[in-house]
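Below is the file data-v1.txt, which contains compact mmCIF, N, CA and C atoms.
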```txt
# COMPACT_ATOMS: atom_id res chain seq x y z
N MET A 262 106.27 103.70 103.74
CA MET A 262 105.48 102.53 104.07
C MET A 262 104.45 102.32 102.96
N ALA A 263 104.49 101.17 102.31
CA ALA A 263 103.59 100.87 101.20
C ALA A 263 102.35 100.13 101.70
N HIS A 264 101.21 100.44 101.09
CA HIS A 264 99.95 99.82 101.45
C HIS A 264 99.24 99.36 100.18
N TYR A 265 98.37 98.39 100.36
CA TYR A 265 97.52 97.95 99.27
C TYR A 265 96.13 97.83 99.85
N ILE A 266 95.16 98.44 99.18
CA ILE A 266 93.78 98.40 99.66
C ILE A 266 92.91 97.88 98.53
N HIS A 267 92.10 96.86 98.84
CA HIS A 267 91.14 96.34 97.87
C HIS A 267 89.78 96.33 98.54
N HIS A 268 88.78 96.84 97.84
CA HIS A 268 87.45 96.94 98.43
C HIS A 268 86.37 96.50 97.46
N VAL A 269 85.50 95.67 97.95
CA VAL A 269 84.21 95.39 97.31
C VAL A 269 83.20 95.57 98.44
N PRO A 270 82.01 96.03 98.14
CA PRO A 270 81.04 96.28 99.21
C PRO A 270 80.90 95.07 100.13
N GLY A 271 81.11 95.31 101.41
CA GLY A 271 81.01 94.26 102.41
C GLY A 271 82.33 93.57 102.74
N ARG A 272 83.39 93.88 101.97
CA ARG A 272 84.69 93.24 102.19
C ARG A 272 85.81 94.23 101.88
N LEU A 273 86.73 94.33 102.81
CA LEU A 273 87.85 95.25 102.66
C LEU A 273 89.13 94.48 102.98
N ARG A 274 90.13 94.58 102.11
CA ARG A 274 91.42 93.94 102.37
C ARG A 274 92.49 95.01 102.34
N VAL A 275 93.31 95.03 103.38
CA VAL A 275 94.38 96.00 103.49
C VAL A 275 95.67 95.27 103.80
N ASN A 276 96.70 95.52 103.01
CA ASN A 276 98.04 95.02 103.29
C ASN A 276 98.84 96.17 103.86
N THR A 277 99.47 95.94 104.99
CA THR A 277 100.30 96.95 105.62
C THR A 277 101.53 96.31 106.23
N PRO A 278 102.68 96.90 106.05
CA PRO A 278 103.90 96.34 106.62
C PRO A 278 103.87 96.23 108.14
N LEU A 279 103.03 97.00 108.79
CA LEU A 279 102.97 96.98 110.25
C LEU A 279 102.50 95.64 110.82
N LEU A 280 101.77 94.88 110.01
CA LEU A 280 101.28 93.58 110.48
C LEU A 280 102.23 92.44 110.16
N LYS A 281 103.13 92.65 109.22
CA LYS A 281 104.02 91.59 108.77
C LYS A 281 104.97 91.16 109.91
N LYS A 282 104.91 89.86 110.24
CA LYS A 282 105.74 89.26 111.29
C LYS A 282 105.54 89.96 112.64
N ASN A 283 104.33 90.46 112.88
CA ASN A 283 104.07 91.18 114.12
C ASN A 283 102.76 90.69 114.74
N GLU A 284 102.83 89.54 115.39
CA GLU A 284 101.64 88.92 115.99
C GLU A 284 100.95 89.82 117.02
N PRO A 285 101.69 90.47 117.92
CA PRO A 285 101.01 91.34 118.90
C PRO A 285 100.21 92.47 118.23
N ARG A 286 100.78 93.05 117.20
CA ARG A 286 100.08 94.15 116.50
C ARG A 286 98.85 93.62 115.77
N ALA A 287 98.95 92.43 115.17
CA ALA A 287 97.81 91.82 114.48
C ALA A 287 96.69 91.51 115.47
N ARG A 288 97.05 90.98 116.65
CA ARG A 288 96.04 90.71 117.68
C ARG A 288 95.39 92.00 118.16
N GLN A 289 96.19 93.04 118.33
CA GLN A 289 95.68 94.33 118.78
C GLN A 289 94.67 94.89 117.77
N LEU A 290 95.00 94.82 116.49
CA LEU A 290 94.10 95.32 115.46
C LEU A 290 92.81 94.51 115.42
N LYS A 291 92.95 93.19 115.47
CA LYS A 291 91.77 92.33 115.45
C LYS A 291 90.87 92.62 116.64
N SER A 292 91.46 92.78 117.81
CA SER A 292 90.69 93.08 119.02
C SER A 292 89.93 94.41 118.87
N TYR A 293 90.60 95.41 118.33
CA TYR A 293 89.95 96.71 118.12
C TYR A 293 88.78 96.57 117.14
N LEU A 294 89.03 95.91 116.01
CA LEU A 294 87.99 95.80 114.97
C LEU A 294 86.79 94.97 115.45
N GLU A 295 87.03 93.99 116.31
CA GLU A 295 85.92 93.20 116.84
C GLU A 295 84.96 94.05 117.65
N GLY A 296 85.43 95.17 118.17
CA GLY A 296 84.58 96.08 118.94
C GLY A 296 83.80 97.07 118.10
N VAL A 297 84.03 97.08 116.78
CA VAL A 297 83.33 98.01 115.89
C VAL A 297 82.01 97.38 115.46
N ASN A 298 80.91 98.08 115.75
CA ASN A 298 79.58 97.59 115.38
C ASN A 298 79.47 97.45 113.87
N GLY A 299 79.05 96.29 113.41
CA GLY A 299 78.86 96.05 111.99
C GLY A 299 79.95 95.23 111.34
N ILE A 300 81.08 95.07 112.02
CA ILE A 300 82.14 94.22 111.48
C ILE A 300 81.81 92.78 111.84
N LEU A 301 81.73 91.95 110.82
CA LEU A 301 81.29 90.57 110.99
C LEU A 301 82.44 89.59 111.18
N GLN A 302 83.55 89.81 110.48
CA GLN A 302 84.66 88.85 110.51
C GLN A 302 85.96 89.57 110.20
N ILE A 303 87.01 89.19 110.91
CA ILE A 303 88.34 89.76 110.69
C ILE A 303 89.33 88.62 110.55
N GLU A 304 90.13 88.66 109.49
CA GLU A 304 91.19 87.67 109.30
C GLU A 304 92.50 88.44 109.13
N THR A 305 93.47 88.17 110.00
CA THR A 305 94.77 88.80 109.86
C THR A 305 95.79 87.76 109.46
N SER A 306 96.81 88.20 108.75
CA SER A 306 97.91 87.31 108.36
C SER A 306 99.22 88.04 108.60
N ILE A 307 100.03 87.51 109.51
CA ILE A 307 101.33 88.13 109.74
C ILE A 307 102.34 87.70 108.67
N VAL A 308 102.00 86.68 107.90
CA VAL A 308 102.87 86.24 106.80
C VAL A 308 102.81 87.26 105.66
N THR A 309 101.57 87.66 105.30
CA THR A 309 101.41 88.61 104.20
C THR A 309 101.28 90.04 104.68
N GLY A 310 101.04 90.24 105.96
CA GLY A 310 100.84 91.59 106.49
C GLY A 310 99.49 92.16 106.11
N SER A 311 98.48 91.30 106.04
CA SER A 311 97.18 91.77 105.57
C SER A 311 96.09 91.52 106.60
N VAL A 312 95.02 92.28 106.44
CA VAL A 312 93.81 92.09 107.22
C VAL A 312 92.64 92.12 106.24
N VAL A 313 91.76 91.11 106.35
CA VAL A 313 90.55 91.06 105.54
C VAL A 313 89.39 91.30 106.51
N ILE A 314 88.58 92.29 106.18
CA ILE A 314 87.48 92.69 107.05
C ILE A 314 86.18 92.51 106.28
N ARG A 315 85.30 91.68 106.82
CA ARG A 315 83.96 91.53 106.24
C ARG A 315 83.02 92.30 107.15
N TYR A 316 82.15 93.12 106.54
CA TYR A 316 81.30 93.98 107.34
C TYR A 316 79.90 94.08 106.77
N ASP A 317 78.95 94.43 107.63
CA ASP A 317 77.56 94.64 107.24
C ASP A 317 77.45 96.06 106.70
N ARG A 318 77.14 96.17 105.41
CA ARG A 318 77.08 97.48 104.76
C ARG A 318 75.99 98.37 105.33
N CYS A 319 75.01 97.81 105.99
CA CYS A 319 73.93 98.61 106.57
C CYS A 319 74.36 99.25 107.89
N LEU A 320 75.38 98.69 108.54
CA LEU A 320 75.78 99.18 109.85
C LEU A 320 77.07 99.99 109.85
N VAL A 321 77.95 99.70 108.91
CA VAL A 321 79.24 100.39 108.87
C VAL A 321 79.68 100.47 107.41
N ASN A 322 80.54 101.44 107.09
CA ASN A 322 81.02 101.55 105.71
C ASN A 322 82.55 101.52 105.67
N SER A 323 83.07 101.32 104.49
CA SER A 323 84.51 101.18 104.33
C SER A 323 85.25 102.45 104.71
N THR A 324 84.63 103.60 104.51
CA THR A 324 85.28 104.87 104.85
C THR A 324 85.55 104.94 106.34
N LEU A 325 84.58 104.55 107.14
CA LEU A 325 84.75 104.54 108.59
C LEU A 325 85.87 103.59 108.99
N ILE A 326 85.89 102.41 108.38
CA ILE A 326 86.92 101.42 108.70
C ILE A 326 88.30 101.94 108.29
N LEU A 327 88.41 102.49 107.07
CA LEU A 327 89.70 103.02 106.61
C LEU A 327 90.16 104.19 107.47
N ASN A 328 89.24 105.05 107.87
CA ASN A 328 89.61 106.17 108.75
C ASN A 328 90.10 105.66 110.09
N SER A 329 89.49 104.59 110.60
CA SER A 329 89.95 103.99 111.85
C SER A 329 91.37 103.43 111.69
N LEU A 330 91.61 102.74 110.58
CA LEU A 330 92.96 102.21 110.33
C LEU A 330 93.98 103.34 110.21
N TYR A 331 93.56 104.44 109.59
CA TYR A 331 94.43 105.61 109.47
C TYR A 331 94.72 106.19 110.86
N ASP A 332 93.66 106.37 111.66
CA ASP A 332 93.82 106.94 113.00
C ASP A 332 94.72 106.07 113.88
N LEU A 333 94.65 104.76 113.70
CA LEU A 333 95.47 103.83 114.49
C LEU A 333 96.89 103.70 113.94
N GLY A 334 97.17 104.29 112.79
CA GLY A 334 98.51 104.27 112.23
C GLY A 334 98.82 103.09 111.33
N TYR A 335 97.81 102.32 110.97
CA TYR A 335 98.05 101.15 110.11
C TYR A 335 98.19 101.53 108.64
N ILE A 336 97.57 102.62 108.23
CA ILE A 336 97.72 103.11 106.86
C ILE A 336 97.99 104.61 106.93
N GLN A 337 98.54 105.14 105.85
CA GLN A 337 98.82 106.56 105.77
C GLN A 337 98.23 107.11 104.49
N HIS A 338 97.85 108.37 104.51
CA HIS A 338 97.39 109.05 103.29
C HIS A 338 98.61 109.66 102.62
N THR A 339 99.32 108.84 101.84
CA THR A 339 100.52 109.31 101.16
C THR A 339 100.50 108.82 99.73
N ASP A 340 101.51 109.22 98.98
CA ASP A 340 101.61 108.77 97.59
C ASP A 340 102.29 107.41 97.48
N THR A 341 102.49 106.73 98.59
CA THR A 341 103.15 105.43 98.55
C THR A 341 102.17 104.27 98.52
N LEU A 342 100.89 104.57 98.37
CA LEU A 342 99.92 103.48 98.26
C LEU A 342 100.19 102.73 96.97
N SER A 343 100.31 101.42 97.07
CA SER A 343 100.62 100.63 95.89
C SER A 343 99.39 100.41 95.05
N GLY A 344 99.56 100.49 93.75
CA GLY A 344 98.48 100.22 92.81
C GLY A 344 98.27 98.72 92.69
N PRO A 345 97.08 98.30 92.23
CA PRO A 345 96.75 96.90 92.19
C PRO A 345 97.50 96.10 91.15
N ALA A 346 97.96 96.71 90.08
CA ALA A 346 98.49 95.91 88.99
C ALA A 346 99.98 95.61 89.13
N HIS A 347 100.81 96.62 89.02
CA HIS A 347 102.24 96.37 88.92
C HIS A 347 103.04 97.06 90.01
N GLY A 348 102.44 97.31 91.16
CA GLY A 348 103.15 97.98 92.22
C GLY A 348 103.43 99.44 91.91
N THR A 349 102.70 100.00 90.98
CA THR A 349 102.90 101.40 90.65
C THR A 349 102.33 102.27 91.76
N SER A 350 102.88 103.45 91.91
CA SER A 350 102.39 104.35 92.94
C SER A 350 101.11 105.02 92.50
N VAL A 351 100.20 105.14 93.44
CA VAL A 351 98.95 105.84 93.20
C VAL A 351 99.15 107.25 93.73
N THR A 352 98.87 108.23 92.93
CA THR A 352 99.09 109.61 93.36
C THR A 352 98.09 109.99 94.43
N PRO A 353 98.45 110.97 95.26
CA PRO A 353 97.52 111.41 96.30
C PRO A 353 96.19 111.89 95.73
N LYS A 354 96.22 112.47 94.54
CA LYS A 354 94.98 112.96 93.94
C LYS A 354 94.00 111.81 93.69
N VAL A 355 94.49 110.69 93.21
CA VAL A 355 93.64 109.53 92.97
C VAL A 355 93.08 109.01 94.29
N VAL A 356 93.92 108.96 95.30
CA VAL A 356 93.48 108.52 96.62
C VAL A 356 92.41 109.46 97.15
N ASP A 357 92.62 110.76 97.00
CA ASP A 357 91.63 111.74 97.45
C ASP A 357 90.30 111.56 96.73
N ILE A 358 90.35 111.32 95.43
CA ILE A 358 89.13 111.08 94.66
C ILE A 358 88.43 109.83 95.15
N PHE A 359 89.21 108.78 95.41
CA PHE A 359 88.64 107.52 95.91
C PHE A 359 87.93 107.73 97.25
N VAL A 360 88.61 108.39 98.17
CA VAL A 360 88.02 108.65 99.49
C VAL A 360 86.79 109.54 99.36
N GLN A 361 86.87 110.55 98.49
CA GLN A 361 85.73 111.44 98.28
C GLN A 361 84.52 110.66 97.75
N LYS A 362 84.75 109.77 96.79
CA LYS A 362 83.66 108.97 96.24
C LYS A 362 83.06 108.06 97.31
N LEU A 363 83.91 107.47 98.14
CA LEU A 363 83.42 106.64 99.23
C LEU A 363 82.55 107.45 100.18
N MET A 364 83.00 108.66 100.50
CA MET A 364 82.23 109.52 101.40
C MET A 364 80.89 109.91 100.76
N GLU A 365 80.92 110.27 99.48
CA GLU A 365 79.68 110.64 98.78
C GLU A 365 78.69 109.48 98.77
N THR A 366 79.18 108.29 98.48
CA THR A 366 78.32 107.12 98.45
C THR A 366 77.73 106.85 99.82
N ALA A 367 78.55 106.95 100.85
CA ALA A 367 78.06 106.72 102.21
C ALA A 367 77.01 107.75 102.59
N LEU A 368 77.26 109.01 102.26
CA LEU A 368 76.32 110.08 102.57
C LEU A 368 75.01 109.89 101.81
N GLU A 369 75.13 109.53 100.54
CA GLU A 369 73.96 109.31 99.71
C GLU A 369 73.10 108.16 100.26
N ARG A 370 73.75 107.07 100.63
CA ARG A 370 73.02 105.93 101.18
C ARG A 370 72.39 106.26 102.52
N SER A 371 73.09 107.04 103.33
CA SER A 371 72.54 107.44 104.62
C SER A 371 71.31 108.31 104.42
N ALA A 372 71.37 109.24 103.45
CA ALA A 372 70.23 110.11 103.17
C ALA A 372 69.04 109.30 102.69
N MET A 373 69.30 108.32 101.82
CA MET A 373 68.21 107.48 101.31
C MET A 373 67.60 106.66 102.44
N ALA A 374 68.43 106.16 103.34
CA ALA A 374 67.92 105.38 104.47
C ALA A 374 67.09 106.26 105.40
N LEU A 375 67.51 107.50 105.59
CA LEU A 375 66.77 108.44 106.43
C LEU A 375 65.41 108.75 105.81
N VAL A 376 65.38 109.02 104.52
CA VAL A 376 64.13 109.30 103.83
C VAL A 376 63.20 108.08 103.91
N ALA A 377 63.75 106.90 103.69
CA ALA A 377 62.95 105.68 103.75
C ALA A 377 62.39 105.47 105.17
N ALA A 378 63.18 105.80 106.17
CA ALA A 378 62.73 105.63 107.55
C ALA A 378 61.61 106.62 107.89
N LEU A 379 61.67 107.80 107.30
CA LEU A 379 60.66 108.82 107.58
C LEU A 379 59.36 108.55 106.86
N ILE A 380 59.42 107.80 105.76
CA ILE A 380 58.21 107.51 104.97
C ILE A 380 57.48 106.40 105.55
```

Let's see the structure in the file written out as structure tokens.
Amino acid sequence: MAHYIHHVPGRLRVNTPLLKKNEPRARQLKSYLEGVNGILQIETSIVTGSVVIRYDRCLVNSTLILNSLYDLGYIQHTDTLSGPAHGTSVTPKVVDIFVQKLMETALERSAMALVAALI
């Protein structure tokens, strides 16, 4: 199962074959994401098999959203993640580094917010 993930702070786009031509699954995902605090807008497309998620960076982060998609079975941590340019495969090591950086950034921002709140 191939996936494509594109992220800029506050916006996450994920293409997954599970949504393609599957209206009930797209509605189910949208309904779940609407219940996540901090998610502002969800757009699903059964034509492209994608979901675009706009979120408040102060309330939720992309790592939490991606982990939720993983837990729900919409994405997998495998070497079949498609690269952005030519459909090349992204190795698991690159994916691990990406997730690790996301986690570090989230932890760093949380620590800074905690320090700011205490001051």

Given all atoms listed in the file as the basis, pick out the residue of A:Leu327, A:Leu294, A:Val360, A:Ile307 nearest to A:Lys281. A:Ile307

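Interatomic distance, atom N of A:Arg274 to atom CA of A:Glu369: 22.0 Å.
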
A:Val275, A:Leu368, A:Val321, A:Ile314 ranked by distance to A:Val297, top pick (using only N, CA and C atoms): A:Val321

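You will find atom CA of A:Pro278 at 15.6 Å from atom CA of A:Glu304.
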
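Distance-wise, atom CA of A:Ser306 and atom CA of A:Phe359 end up 25.5 Å apart.
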
Polymer residues at most 12 Å from A:Ser311, only C-alpha atoms, same-chain spacing of 3 or more positions, as a ChimeraX atom specification: /A:263-267,273-284,286-287,290-291,303-308,314,335-336

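The closest residue to A:Ala374, picked from A:Asp332, A:Ile358, A:Cys319, A:Gln337 and counting only C-alpha atoms, is A:Cys319.
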
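Every residue of stretch 293-344 of chain A found in helix (DSSP H, G or I) when DSSP is run on the backbone appears here: A:Tyr293, A:Leu294, A:Glu295, A:Ser323, A:Thr324, A:Leu325, A:Ile326, A:Leu327, A:Asn328, A:Ser329, A:Leu330, A:Tyr331, A:Asp332.
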
What does the file look like for those residues with N, CA and C atoms, as a PDB file, in the coordinates of the input?
```pdb
ATOM      1  N   TYR A 293      90.600  95.410 118.330  1.00  0.00           N
ATOM      2  CA  TYR A 293      89.950  96.710 118.120  1.00  0.00           C
ATOM      3  C   TYR A 293      88.780  96.570 117.140  1.00  0.00           C
ATOM      4  N   LEU A 294      89.030  95.910 116.010  1.00  0.00           N
ATOM      5  CA  LEU A 294      87.990  95.800 114.970  1.00  0.00           C
ATOM      6  C   LEU A 294      86.790  94.970 115.450  1.00  0.00           C
ATOM      7  N   GLU A 295      87.030  93.990 116.310  1.00  0.00           N
ATOM      8  CA  GLU A 295      85.920  93.200 116.840  1.00  0.00           C
ATOM      9  C   GLU A 295      84.960  94.050 117.650  1.00  0.00           C
ATOM     10  N   SER A 323      83.070 101.320 104.490  1.00  0.00           N
ATOM     11  CA  SER A 323      84.510 101.180 104.330  1.00  0.00           C
ATOM     12  C   SER A 323      85.250 102.450 104.710  1.00  0.00           C
ATOM     13  N   THR A 324      84.630 103.600 104.510  1.00  0.00           N
ATOM     14  CA  THR A 324      85.280 104.870 104.850  1.00  0.00           C
ATOM     15  C   THR A 324      85.550 104.940 106.340  1.00  0.00           C
ATOM     16  N   LEU A 325      84.580 104.550 107.140  1.00  0.00           N
ATOM     17  CA  LEU A 325      84.750 104.540 108.590  1.00  0.00           C
ATOM     18  C   LEU A 325      85.870 103.590 108.990  1.00  0.00           C
ATOM     19  N   ILE A 326      85.890 102.410 108.380  1.00  0.00           N
ATOM     20  CA  ILE A 326      86.920 101.420 108.700  1.00  0.00           C
ATOM     21  C   ILE A 326      88.300 101.940 108.290  1.00  0.00           C
ATOM     22  N   LEU A 327      88.410 102.490 107.070  1.00  0.00           N
ATOM     23  CA  LEU A 327      89.700 103.020 106.610  1.00  0.00           C
ATOM     24  C   LEU A 327      90.160 104.190 107.470  1.00  0.00           C
ATOM     25  N   ASN A 328      89.240 105.050 107.870  1.00  0.00           N
ATOM     26  CA  ASN A 328      89.610 106.170 108.750  1.00  0.00           C
ATOM     27  C   ASN A 328      90.100 105.660 110.090  1.00  0.00           C
ATOM     28  N   SER A 329      89.490 104.590 110.600  1.00  0.00           N
ATOM     29  CA  SER A 329      89.950 103.990 111.850  1.00  0.00           C
ATOM     30  C   SER A 329      91.370 103.430 111.690  1.00  0.00           C
ATOM     31  N   LEU A 330      91.610 102.740 110.580  1.00  0.00           N
ATOM     32  CA  LEU A 330      92.960 102.210 110.330  1.00  0.00           C
ATOM     33  C   LEU A 330      93.980 103.340 110.210  1.00  0.00           C
ATOM     34  N   TYR A 331      93.560 104.440 109.590  1.00  0.00           N
ATOM     35  CA  TYR A 331      94.430 105.610 109.470  1.00  0.00           C
ATOM     36  C   TYR A 331      94.720 106.190 110.860  1.00  0.00           C
ATOM     37  N   ASP A 332      93.660 106.370 111.660  1.00  0.00           N
ATOM     38  CA  ASP A 332      93.820 106.940 113.000  1.00  0.00           C
ATOM     39  C   ASP A 332      94.720 106.070 113.880  1.00  0.00           C
TER      40      ASP A 332
END
```

Kindly provide, as lines of an AutoDock Vina configuration file, the centre and edge lengths (Å, one decimal) of an axis-aligned box around all atoms of stretch 363-373 of chain A given in the file, with 3 Å on each side.
```
center_x = 75.8
center_y = 108.3
center_z = 101.4
size_x = 22.3
size_y = 10.7
size_z = 12.5
```

One residue among A:Ile300, A:Val312, A:Leu333, A:Asn322 is nearest to A:Arg370 when using only C-alpha atoms, and that residue is A:Asn322

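Taking the backbone of this structure through DSSP, the residues of stretch 262-374 of chain A that come out as strand (DSSP E) are A:Tyr265, A:Ile266, A:His267, A:His268, A:Val269, A:Arg272, A:Leu273, A:Arg274, A:Val275, A:Asn276, A:Ile300, A:Leu301, A:Gln302, A:Ile303, A:Glu304, A:Thr305, A:Ser306, A:Ser311, A:Val312, A:Val313, A:Ile314, A:Arg315, A:Tyr316.
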